[in-house]
Amino acid sequence: MLVSGKDLLDVANANNFAVPAFNVSDYAMMNGLFEISEEKQSPLLIAIHPDELSHLGTDVLPAIIARANRSSVPVTIHLDHGASYEQVLLAIQSGFTSVMIDGSMLPFDENIAITKKVVDTAHAVGVSVEGELGTIGKTDNEAEDGAASIIYTEPDEAVTFVESTGVDSLAIAIGTSHGIYPASMKPELKLELLKRIKAKVNIPLVLHGGSNNPDNEIGESVKLGVNKINISSDIKASYHNKMREVLADAGVREPNTIQPPSIAAMKVTAAQKIDLFNAAGKAKLY
Ligand SMILES: [Zn+2]
């Protein structure tokens, strides 16, 4: 069934697990993510970034919505990193049930103003909103945008931001980056800061840039109250690494020869994330 972001994440917040938000910009990957979520009985958040949406086209949305409606697990279709009011409107018009407005690079007051404007519009039609406070880093050129250096989320500012905007969930900066970390860089999450934010903010918390962080840190962040973790690079790497292997045979040509082993490899990674986030079997809570 298709549900709003609030309905999906409030249950995670009440039951201490995180819903995986898998970025999708390819139809075969989308089908594979539905399959593995159903096999694991895990709630699913299909995240589509504006760059991915322009690659896919909005015409695919009715198909994703139909797939979600016949799914045995709850599914939210979420706009990842909406950068403007116009992008949010396009997503709402296309049938997304959740949107992110990312004003994190703006001054605090301007971030509040654009986020509140999006909340007022989205809530009027039953769509949930994720805001972001603090900045997430960026580690490689293929990654989504991020800041050159991380600005950590300040707990008291987070309280003011949530109260002033009415957002349904909040992406926080505690040390993650978009992309895959280079060998020279050791990611380290500030779990003490997460605890302080969670003690003050009641709505579900979101972690971006969750690919390629040590499993023990991610597992700990779930225990401490993160309720949605964005995974993009890790599933795409598994998918395309396998595809490179398959394509080493110059004789293969058919997508239905090339894609199934790539999807199978992606599903192994997705299943590992579902387990790490304590989301397996949680569909029964809805
Ligand atoms: Zn992100």
# chains A, B, ... in the order shown; residues from 1 in each chain; ligands from 1
$ select_by_dssp --residues "segment 59-235 of chain A" --states "strand (DSSP E or B)" --output "ChimeraX atom specification"
/A:75-82,98-101,128-133,137-138,147,169-172,177-178,205-207,226-231
$ residues_near_ligand --ligand "ligand 1" --cutoff "8 Å" --atoms "only C-alpha atoms and all ligand atoms" --output "list in words"
Asp80, His81, Ile136, Glu144, Asp145, Gly146, His178, Leu207, His208, Gly209 and Asn230 of chain A
$ write_last_selection --atoms "all heavy atoms" --output "PDB file, in the first residue's frame"
ATOM      1  N   ASP A  80      13.615  13.348  -3.060  1.00  0.00           N
ATOM      2  CA  ASP A  80      14.854  13.508  -2.308  1.00  0.00           C
ATOM      3  C   ASP A  80      15.484  14.865  -2.671  1.00  0.00           C
ATOM      4  O   ASP A  80      15.652  15.171  -3.852  1.00  0.00           O
ATOM      5  CB  ASP A  80      15.794  12.355  -2.696  1.00  0.00           C
ATOM      6  CG  ASP A  80      17.040  12.280  -1.844  1.00  0.00           C
ATOM      7  OD1 ASP A  80      17.016  12.773  -0.700  1.00  0.00           O
ATOM      8  OD2 ASP A  80      18.044  11.708  -2.331  1.00  0.00           O
ATOM      9  N   HIS A  81      15.817  15.659  -1.678  1.00  0.00           N
ATOM     10  CA  HIS A  81      16.496  16.950  -1.915  1.00  0.00           C
ATOM     11  C   HIS A  81      15.787  17.865  -2.900  1.00  0.00           C
ATOM     12  O   HIS A  81      16.395  18.345  -3.861  1.00  0.00           O
ATOM     13  CB  HIS A  81      17.945  16.730  -2.386  1.00  0.00           C
ATOM     14  CG  HIS A  81      18.846  16.237  -1.309  1.00  0.00           C
ATOM     15  ND1 HIS A  81      19.328  17.036  -0.298  1.00  0.00           N
ATOM     16  CD2 HIS A  81      19.324  15.000  -1.065  1.00  0.00           C
ATOM     17  CE1 HIS A  81      20.074  16.311   0.519  1.00  0.00           C
ATOM     18  NE2 HIS A  81      20.086  15.068   0.078  1.00  0.00           N
ATOM     19  N   ILE A 136      25.471  18.249   5.032  1.00  0.00           N
ATOM     20  CA  ILE A 136      26.035  16.927   4.819  1.00  0.00           C
ATOM     21  C   ILE A 136      27.204  17.101   3.858  1.00  0.00           C
ATOM     22  O   ILE A 136      27.140  17.919   2.933  1.00  0.00           O
ATOM     23  CB  ILE A 136      24.918  16.030   4.256  1.00  0.00           C
ATOM     24  CG1 ILE A 136      23.887  15.750   5.366  1.00  0.00           C
ATOM     25  CG2 ILE A 136      25.481  14.721   3.697  1.00  0.00           C
ATOM     26  CD1 ILE A 136      22.504  15.519   4.877  1.00  0.00           C
ATOM     27  N   GLU A 144      25.542  13.166  -4.818  1.00  0.00           N
ATOM     28  CA  GLU A 144      24.643  14.313  -4.774  1.00  0.00           C
ATOM     29  C   GLU A 144      25.399  15.480  -4.150  1.00  0.00           C
ATOM     30  O   GLU A 144      26.411  15.296  -3.492  1.00  0.00           O
ATOM     31  CB  GLU A 144      23.449  14.000  -3.852  1.00  0.00           C
ATOM     32  CG  GLU A 144      22.512  12.938  -4.344  1.00  0.00           C
ATOM     33  CD  GLU A 144      21.685  12.394  -3.180  1.00  0.00           C
ATOM     34  OE1 GLU A 144      21.294  13.175  -2.303  1.00  0.00           O
ATOM     35  OE2 GLU A 144      21.464  11.168  -3.153  1.00  0.00           O
ATOM     36  N   ASP A 145      24.832  16.669  -4.272  1.00  0.00           N
ATOM     37  CA  ASP A 145      25.481  17.849  -3.717  1.00  0.00           C
ATOM     38  C   ASP A 145      25.660  17.731  -2.211  1.00  0.00           C
ATOM     39  O   ASP A 145      24.872  17.115  -1.523  1.00  0.00           O
ATOM     40  CB  ASP A 145      24.641  19.097  -4.016  1.00  0.00           C
ATOM     41  CG  ASP A 145      24.931  19.605  -5.425  1.00  0.00           C
ATOM     42  OD1 ASP A 145      25.942  19.153  -6.007  1.00  0.00           O
ATOM     43  OD2 ASP A 145      24.161  20.435  -5.929  1.00  0.00           O
ATOM     44  N   GLY A 146      26.700  18.356  -1.752  1.00  0.00           N
ATOM     45  CA  GLY A 146      26.932  18.428  -0.325  1.00  0.00           C
ATOM     46  C   GLY A 146      27.846  19.608  -0.070  1.00  0.00           C
ATOM     47  O   GLY A 146      28.331  20.241  -1.006  1.00  0.00           O
ATOM     48  N   HIS A 178      27.539  12.520   1.430  1.00  0.00           N
ATOM     49  CA  HIS A 178      27.018  11.854   0.236  1.00  0.00           C
ATOM     50  C   HIS A 178      28.174  11.199  -0.511  1.00  0.00           C
ATOM     51  O   HIS A 178      29.250  11.783  -0.624  1.00  0.00           O
ATOM     52  CB  HIS A 178      26.344  12.861  -0.702  1.00  0.00           C
ATOM     53  CG  HIS A 178      25.018  13.362  -0.203  1.00  0.00           C
ATOM     54  ND1 HIS A 178      24.677  14.684  -0.183  1.00  0.00           N
ATOM     55  CD2 HIS A 178      23.934  12.695   0.272  1.00  0.00           C
ATOM     56  CE1 HIS A 178      23.437  14.820   0.285  1.00  0.00           C
ATOM     57  NE2 HIS A 178      22.969  13.620   0.579  1.00  0.00           N
ATOM     58  N   LEU A 207      18.961  10.310   8.403  1.00  0.00           N
ATOM     59  CA  LEU A 207      20.395  10.350   8.139  1.00  0.00           C
ATOM     60  C   LEU A 207      20.620  10.237   6.630  1.00  0.00           C
ATOM     61  O   LEU A 207      20.207   9.252   6.007  1.00  0.00           O
ATOM     62  CB  LEU A 207      21.048   9.162   8.853  1.00  0.00           C
ATOM     63  CG  LEU A 207      22.501   9.268   9.286  1.00  0.00           C
ATOM     64  CD1 LEU A 207      22.732  10.484  10.167  1.00  0.00           C
ATOM     65  CD2 LEU A 207      22.910   7.991  10.015  1.00  0.00           C
ATOM     66  N   HIS A 208      21.239  11.258   6.059  1.00  0.00           N
ATOM     67  CA  HIS A 208      21.634  11.201   4.643  1.00  0.00           C
ATOM     68  C   HIS A 208      23.076  10.747   4.554  1.00  0.00           C
ATOM     69  O   HIS A 208      23.823  10.825   5.515  1.00  0.00           O
ATOM     70  CB  HIS A 208      21.529  12.598   4.009  1.00  0.00           C
ATOM     71  CG  HIS A 208      20.136  12.983   3.674  1.00  0.00           C
ATOM     72  ND1 HIS A 208      19.720  13.204   2.388  1.00  0.00           N
ATOM     73  CD2 HIS A 208      19.053  13.182   4.454  1.00  0.00           C
ATOM     74  CE1 HIS A 208      18.444  13.532   2.397  1.00  0.00           C
ATOM     75  NE2 HIS A 208      18.008  13.527   3.645  1.00  0.00           N
ATOM     76  N   GLY A 209      23.475  10.321   3.349  1.00  0.00           N
ATOM     77  CA  GLY A 209      24.866   9.939   3.162  1.00  0.00           C
ATOM     78  C   GLY A 209      25.205   8.689   3.950  1.00  0.00           C
ATOM     79  O   GLY A 209      26.315   8.521   4.436  1.00  0.00           O
ATOM     80  N   ASN A 230      19.146   7.202   4.204  1.00  0.00           N
ATOM     81  CA  ASN A 230      19.208   7.252   2.749  1.00  0.00           C
ATOM     82  C   ASN A 230      20.377   6.415   2.240  1.00  0.00           C
ATOM     83  O   ASN A 230      21.517   6.596   2.686  1.00  0.00           O
ATOM     84  CB  ASN A 230      19.415   8.697   2.296  1.00  0.00           C
ATOM     85  CG  ASN A 230      18.198   9.554   2.563  1.00  0.00           C
ATOM     86  OD1 ASN A 230      17.455   9.324   3.511  1.00  0.00           O
ATOM     87  ND2 ASN A 230      17.993  10.537   1.715  1.00  0.00           N
TER      88      ASN A 230
END
$ closest_residue --among "A:Asp59, A:Leu89, A:Lys40, A:Ser184" --to "Ser72 of chain A" --atoms "only C-alpha atoms"
A:Lys40
$ atom_distance --atom1 "atom CA of Gln87 of chain A" --atom2 "atom CA of Leu53 of chain A"
10.1 Å
$ residues_around --residues "Leu2 of chain A" --least-positions-apart "4" --cutoff "8 Å" --atoms "only C-alpha atoms" --output "PDB file with N, CA, C and O atoms, in the first residue's frame"
ATOM      1  N   ILE A  65       3.344   4.103  -8.558  1.00  0.00           N
ATOM      2  CA  ILE A  65       2.196   4.179  -7.643  1.00  0.00           C
ATOM      3  C   ILE A  65       1.393   2.871  -7.702  1.00  0.00           C
ATOM      4  O   ILE A  65       1.000   2.314  -6.667  1.00  0.00           O
ATOM      5  N   ALA A  68       3.262   0.207  -5.883  1.00  0.00           N
ATOM      6  CA  ALA A  68       3.181   0.424  -4.432  1.00  0.00           C
ATOM      7  C   ALA A  68       1.813  -0.031  -3.903  1.00  0.00           C
ATOM      8  O   ALA A  68       1.723  -0.671  -2.854  1.00  0.00           O
ATOM      9  N   ASN A  69       0.763   0.269  -4.650  1.00  0.00           N
ATOM     10  CA  ASN A  69      -0.587  -0.064  -4.180  1.00  0.00           C
ATOM     11  C   ASN A  69      -0.842  -1.562  -4.120  1.00  0.00           C
ATOM     12  O   ASN A  69      -1.678  -2.013  -3.343  1.00  0.00           O
ATOM     13  N   PRO A  74       4.202  -1.462   3.314  1.00  0.00           N
ATOM     14  CA  PRO A  74       3.899  -0.034   3.140  1.00  0.00           C
ATOM     15  C   PRO A  74       5.026   0.671   2.382  1.00  0.00           C
ATOM     16  O   PRO A  74       6.203   0.415   2.656  1.00  0.00           O
ATOM     17  N   VAL A  75       4.633   1.537   1.459  1.00  0.00           N
ATOM     18  CA  VAL A  75       5.609   2.199   0.583  1.00  0.00           C
ATOM     19  C   VAL A  75       5.314   3.698   0.530  1.00  0.00           C
ATOM     20  O   VAL A  75       4.153   4.106   0.406  1.00  0.00           O
ATOM     21  N   THR A  76       6.358   4.498   0.629  1.00  0.00           N
ATOM     22  CA  THR A  76       6.250   5.947   0.423  1.00  0.00           C
ATOM     23  C   THR A  76       7.082   6.312  -0.799  1.00  0.00           C
ATOM     24  O   THR A  76       8.177   5.792  -0.981  1.00  0.00           O
ATOM     25  N   ILE A  77       6.548   7.209  -1.631  1.00  0.00           N
ATOM     26  CA  ILE A  77       7.315   7.723  -2.778  1.00  0.00           C
ATOM     27  C   ILE A  77       7.725   9.146  -2.435  1.00  0.00           C
ATOM     28  O   ILE A  77       6.877  10.012  -2.203  1.00  0.00           O
ATOM     29  N   THR A  97       4.180  10.983  -2.248  1.00  0.00           N
ATOM     30  CA  THR A  97       3.458  11.092  -0.983  1.00  0.00           C
ATOM     31  C   THR A  97       4.309  11.738   0.106  1.00  0.00           C
ATOM     32  O   THR A  97       3.882  11.858   1.259  1.00  0.00           O
TER      33      THR A  97
END
$ atom_distance --atom1 "atom CA of Ile36 of chain A" --atom2 "atom CA of Lys284 of chain A"
15.7 Å
$ residues_around --residues "segment 148-154 of chain A" --least-positions-apart "6" --cutoff "9 Å" --atoms "only C-alpha atoms" --output "list of chain:residue names"
A:Leu133, A:Gly134, A:Thr135, A:Ile136, A:Gly137, A:Lys138, A:Thr139, A:Ile172, A:Ala173, A:Ile174, A:Gly175, A:Thr176, A:Ser177, A:Lys190, A:Leu193, A:Leu194, A:Ile197
$ residues_around --residues "Glu132 of chain A" --least-positions-apart "4" --cutoff "8 Å" --atoms "only C-alpha atoms" --output "PyMOL selection string"
chain A and resi 101-104+170-172
$ closest_residue --among "A:Asp140, A:Asp168, A:Asp275, A:Glu220" --to "Val99 of chain A" --atoms "only C-alpha atoms"
A:Asp168
$ select_by_dssp --residues "segment 159-195 of chain A" --states "alpha helix (DSSP H)" --output "number ranges by chain"
A: 159-165, 191-195
$ residues_around --residues "Val19 of chain A" --least-positions-apart "3" --cutoff "7 Å" --atoms "only C-alpha atoms" --output "PyMOL selection string"
chain A and resi 12+43-45+227-229+277+279
$ residues_around --residues "Ala271 of chain A" --least-positions-apart "5" --cutoff "12 Å" --atoms "only C-alpha atoms" --output "PyMOL selection string"
chain A and resi 20+22+32-42+44+231+234-235+263-266+276-281
